[in-house]
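As structure tokens, the structure follows; a few thoughts come after it.
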4 protein chains.
Amino acid sequence: MSTVFAKVGIVGKSNDTHLKPTIDALASHLLDQGVEVTAAVHTHEMIETGACLNCALKELARNSDLIIVVGGDGTILGAARVLSTLNVPLLGVNMGRLGFLADISPKVMHKAVTQILAGEFEEEHRFLLEAYVGTTPLNNKPELALNDVVIHKWNTPRVVEFEVHIDGNFVNIQHSDGLVIATPTGSTAYALSSGGPILHPALNAMVLVSICPHTLSHRPIVVSADSRVEVHVCRDKAPHVGISCDGQNDRPVAPDEYLLVKRAPNPVRLLHPKGHDHYRLLRAKLGWGGNCSAESQLAKSLHKTA
Amino acid sequence: MSTVFAKVGIVGKSNDTHLKPTIDALASHLLDQGVEVTAAVHTHEMIETGACLNCALKELARNSDLIIVVGGDGTILGAARVLSTLNVPLLGVNMGRLGFLADISPKVMHKAVTQILAGEFEEEHRFLLEAYVGTTPLNNKPELALNDVVIHKWNTPRVVEFEVHIDGNFVNIQHSDGLVIATPTGSTAYALSSGGPILHPALNAMVLVSICPHTLSHRPIVVSADSRVEVHVCRDKAPHVGISCDGQNDRPVAPDEYLLVKRAPNPVRLLHPKGHDHYRLLRAKLGWGGNCSAESQLAKSLHKTA
Amino acid sequence: MSTVFAKVGIVGKSNDTHLKPTIDALASHLLDQGVEVTAAVHTHEMIETGACLNCALKELARNSDLIIVVGGDGTILGAARVLSTLNVPLLGVNMGRLGFLADISPKVMHKAVTQILAGEFEEEHRFLLEAYVGTTPLNNKPELALNDVVIHKWNTPRVVEFEVHIDGNFVNIQHSDGLVIATPTGSTAYALSSGGPILHPALNAMVLVSICPHTLSHRPIVVSADSRVEVHVCRDKAPHVGISCDGQNDRPVAPDEYLLVKRAPNPVRLLHPKGHDHYRLLRAKLGWGGNCSAESQLAKSLHKTA
Amino acid sequence: MSTVFAKVGIVGKSNDTHLKPTIDALASHLLDQGVEVTAAVHTHEMIETGACLNCALKELARNSDLIIVVGGDGTILGAARVLSTLNVPLLGVNMGRLGFLADISPKVMHKAVTQILAGEFEEEHRFLLEAYVGTTPLNNKPELALNDVVIHKWNTPRVVEFEVHIDGNFVNIQHSDGLVIATPTGSTAYALSSGGPILHPALNAMVLVSICPHTLSHRPIVVSADSRVEVHVCRDKAPHVGISCDGQNDRPVAPDEYLLVKRAPNPVRLLHPKGHDHYRLLRAKLGWGGNCSAESQLAKSLHKTA
């Protein structure tokens, strides 16, 4: 049987032995379909079936037509940051708890994978952010973030003070616990807890959300993803500030350094089964509109007229 | 003297006699520059100087290279809804209270107008929304809104129930006081009071903000301005619902009708003096970052490095 | 058998025939316990069993040691407003959907009623608010509210303007859609949707929550329930304002009238089965802390140490 | 001249030489009134006039009838935590920036002090919180807080998980950046930035505000100040949690420890000049109701009728 993805790599959440049955079943299913299966280092040990190549994540991706990530949204975030430059599509299988990114449950995994191998899928591009830190930040190597770049207080109960500039324009001085700069993907993560809006995933925009701002009239600001955001921490506050990408890799800031955030050149390619519906995910994850039996009949009739 | 705008129309807030000195001074200044000046009906009576043509607003716009609106943001909203199809640029002079749209104060009016006539200006396009209501809404003539289309409870202390669909996808059922669908321009108006984010004016997006939603996990949603938003009011709530555009023209909804909102084809052309800075407006209007003397020095030094 | 409540009145939601089986079963169960059962007018027709006295609600209450309200929170709100002066305890049975006030489900109704008749119950006092409106408001008869008194825009898409005074002190001028003045009981109703906090039911306090305030630094204010709140609508906005109590009885405001709100002298006596837990209700109604299996074990172990 | 306060102690913000002219002037003024003046250690060096006793803060308070604190709200918070058990009244002089506690400006200082020495003042009691931490917390010495006790993430970009119990009842499990437990005094500080309501200072209540809670339906909870609040951090998160009182004295939490917060037995006695108006402070500090000329006339006429 021929598929659009002849070589599939499997990536699992590091050191999580609960994944083994799911990954085993997935590998068997892929091999049954005539697909060549490889797996990333940590994952490899879990696969007992088939001829699996043991390799590092980037190498795996270079030798794969498709990467299936088994775990949760966090696992996909990690894989996306590593793989975004390699132009290989990702498919996310969750471990039973629906994710925004890992939206395929183990129950429907076989059916979904079969469909996707047959070319029945939707492809979505999610952009990442690059976080540069330094005295001349663009000279340094950036960290990548699929959800958000966060500058926040660290090791202190007191607020931090920083200036925000967008595209070279001074925006404001903030006294707050920090600032979240989120992609549409990250708008349903920490930015949402901080009071930010939900951005549709296809929107070429990012949102800046202040964390517990001292000034009560601060509000989340949504700007083009083509913008450059700079955050300059007030000099005496620098020792009490950290920068993190997707909640990882915390990094201190020296008094003369600043943070520059812009869109990364390469987006992540996310695959979904046909009929993928982001609003259904939002309803399920955020507990919207659960028990309105009368209304769902209304909905049914409306869908015809709409 | 030759200018890029040979014929300038003046539009003032209806029936506001406080405008007279400002409009008189503006007309004199324009005539001094060799510009042909006309004025819209209500405004005309206020101008005692010069050879002014008395005409209706649309006719005025057809015979003008530039319309100067004197009043506040509300006056510009009204002019924009009428003039957006005519492709004539607007310039907003406020009456002493800074506006987001009417950002030229009477104090700097002469200088600003002179510069703009000399071609020193920035042009900004702000899109409008079209609100269609009916059983087959697109068959009807839409109302226009530069700020927002709002569907809200009317004549009742109780919540309304409605379904939201975006681009044909069911989003959720809401029990709330209503829903604001706002442009970036309107994101600093009623949508902001309702808990929405600030959208940068250049963003091709709109925001949906629920008013006092019963479901606590509802959050503002930002989607592409290319999207179509549909709002279907639950049948028994229809008599208690009204739809308004920019806080005007309230319209009831019949049980079989629904609201469809999409971007209008023609944007408004707004002129600003060179160096226009939207973030400065935000700081001034929202009371951001007032008294941080140390930080503004920081800002100065930072601008050099940025 | 002797009980602490020899005569029990049953009150059902008006004109709701779905209640019949529940009310029938409840009446039978009470009669079986040797209790004299009566029912309010609308409810009476639903009871086929027993020797029921047909009477109006207030008369029913005067002849009862306990009133059992069958319906939802709205039914109890209505009964409480009528009965608060009569000092008769209320017990709330819901129709399947958990309420904050009607917290006994039909499933456990018989067991709960048996316990309560045997004197095993907790009694809780919930205060009501009195809303006086007029040019000298205290000369007029007040409306009662167990949840909230709301002054809100009516028949208009525009904000209303009003002044708030507490205990004779000027608080602020608001431009908003209205103001909710809520009891602790009402703090989980409309006030919550408007952005207010949750007040513990035993707290002698009320909360003022502005609805979509134009000034972004307005925040809910919690004051003693012994305070007097006055709301003066700006004269030209009076025709566009309504006042409602518990979402009922909307009343216009004349230009010279103002609203005065204070605690009613008589609270409602609410009965609950022993072990009543308000926080359990909050968790269930607001969807808190659902699926944390590890943590609930933690909780178990913690309860021992706490 | 006889005054109600024969011996007055002056306390200044540590190591702030800007205070010197104000403290000098204050001391001279007090000595002119025949008052015996003492000063706390750091402050003493700044006073060049008069016979000042050099002593530690607690000793100063034991020998004073009144303590005047010169600085800002932070200086008063610090003094209040040290002095609350000593039953000596505090008066707050700010350094030019209006405070909620230090509400006397240097400009009106002499007049205000003269009035207060003459017995023309209002006394207000503000309660403090006690924060106990340990495996059996009440066995340990508590920290005091006049504003708030905060348990928050520390040294980590990730949320913390903890359980909240009030008066022995389980409230919920939270995944958040932390929890603020604030007095009415603290309700206008960090709790307000975190989304909490404003509590009137006379209210015997405290408010629990979650910081960036993961569960979107969490809301601030206001409970009696007679309640006991317990916070149990989930075991594996304990190393990443700190507890602070009024933004001071950060303290780690061991895996078996928990936090218990209750009202301190002794309140702080705060003095104000006659006519003190908390709402005026709120308007000034939060930027409420600035420029409504028409309305302030309304206000004037209303005050007569109210």
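The chains in the structure tokens are called A, B, ... from first to last as shown; in each chain the residues are counted from 1, and the ligands are counted from 1 in the order shown.
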Interface residues on chain C facing chain A, 9 Å, only C-alpha atoms, written as a PyMOL selection string: chain C and resi 215-218+287
Which of region 37-261 of chain A fall in strand (DSSP E), as a PyMOL selection string: chain A and resi 37-40+54-55+66-71+90-94+121-126+129-134+143-145+148-153+160-166+169-176+178-182+198-199+205-211+221-224+229-233+241-245+248-252+258-261
All residues 10 Å or closer to region 92-105 of chain D, only C-alpha atoms, same chain fewer than 3 positions away omitted, as a PyMOL selection string: chain D and resi 11-12+18-19+22-23+26+67-77+108-110+112-113+185-186+188-189+270-273+276+278+281-282+284-285
Exercise: Leu199 (chain B) partners within 6 Å, only C-alpha atoms, chain neighbours under 2 positions left out, as an MDAnalysis selection string: (chainID A and resid 221:222) or (chainID B and resid 184 187)
Quick one: residues within 6 Å of Ser193 (chain D), only C-alpha atoms counted, chain neighbours fewer than 3 positions away excluded, as an mmCIF file with N, CA and C atoms, in the first residue's frame?
```cif
data_model
loop_
_atom_site.group_PDB
_atom_site.id
_atom_site.type_symbol
_atom_site.label_atom_id
_atom_site.label_comp_id
_atom_site.auth_asym_id
_atom_site.auth_seq_id
_atom_site.Cartn_x
_atom_site.Cartn_y
_atom_site.Cartn_z
ATOM 1 N N CYS A 212 -0.883 40.859 36.433
ATOM 2 C CA CYS A 212 -1.182 41.653 37.639
ATOM 3 C C CYS A 212 -0.596 43.067 37.557
ATOM 4 N N PRO A 213 -0.970 43.841 36.551
ATOM 5 C CA PRO A 213 -0.388 45.179 36.421
ATOM 6 C C PRO A 213 -0.880 46.106 37.526
ATOM 7 N N HIS A 214 0.031 46.955 37.983
ATOM 8 C CA HIS A 214 -0.289 47.914 39.032
ATOM 9 C C HIS A 214 -1.254 48.968 38.512
ATOM 10 N N TYR D 190 -1.832 44.731 46.296
ATOM 11 C CA TYR D 190 -1.573 43.649 45.344
ATOM 12 C C TYR D 190 -2.848 42.893 44.973
#
```
Gap from CA of Ser227 (chain A) to CA of Ala80 (chain A) - Å, one decimal: 21.9 Å
Backbone DSSP call of helix (DSSP H, G or I) for region 93-250 of chain D, listed as a ChimeraX atom specification: /D:106-117,137-139,185-188,190-193,235-240
Given only C-alpha atoms as the counted atoms, nearest of D:Val261, D:Lys20, D:Val229, D:Val88 to Asn169 (chain D): D:Val229
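What separates CA of Ile166 (chain C) from CA of Asp250 (chain C) is a distance of 23.1 Å.
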7 Å contact set for Val207 (chain D), only C-alpha atoms, chain neighbours under 5 positions out, as number ranges by chain: D: 181-183, 220-223
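As for CA of Arg62 (chain D) and CA of Ala145 (chain D), they are spaced 20.9 Å apart.
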Selection: 10 Å around Asp65 (chain C), only C-alpha atoms, excl. self and same-chain fewer than 3 positions, as a PyMOL selection string: chain C and resi 4-9+36+60-62+87-90
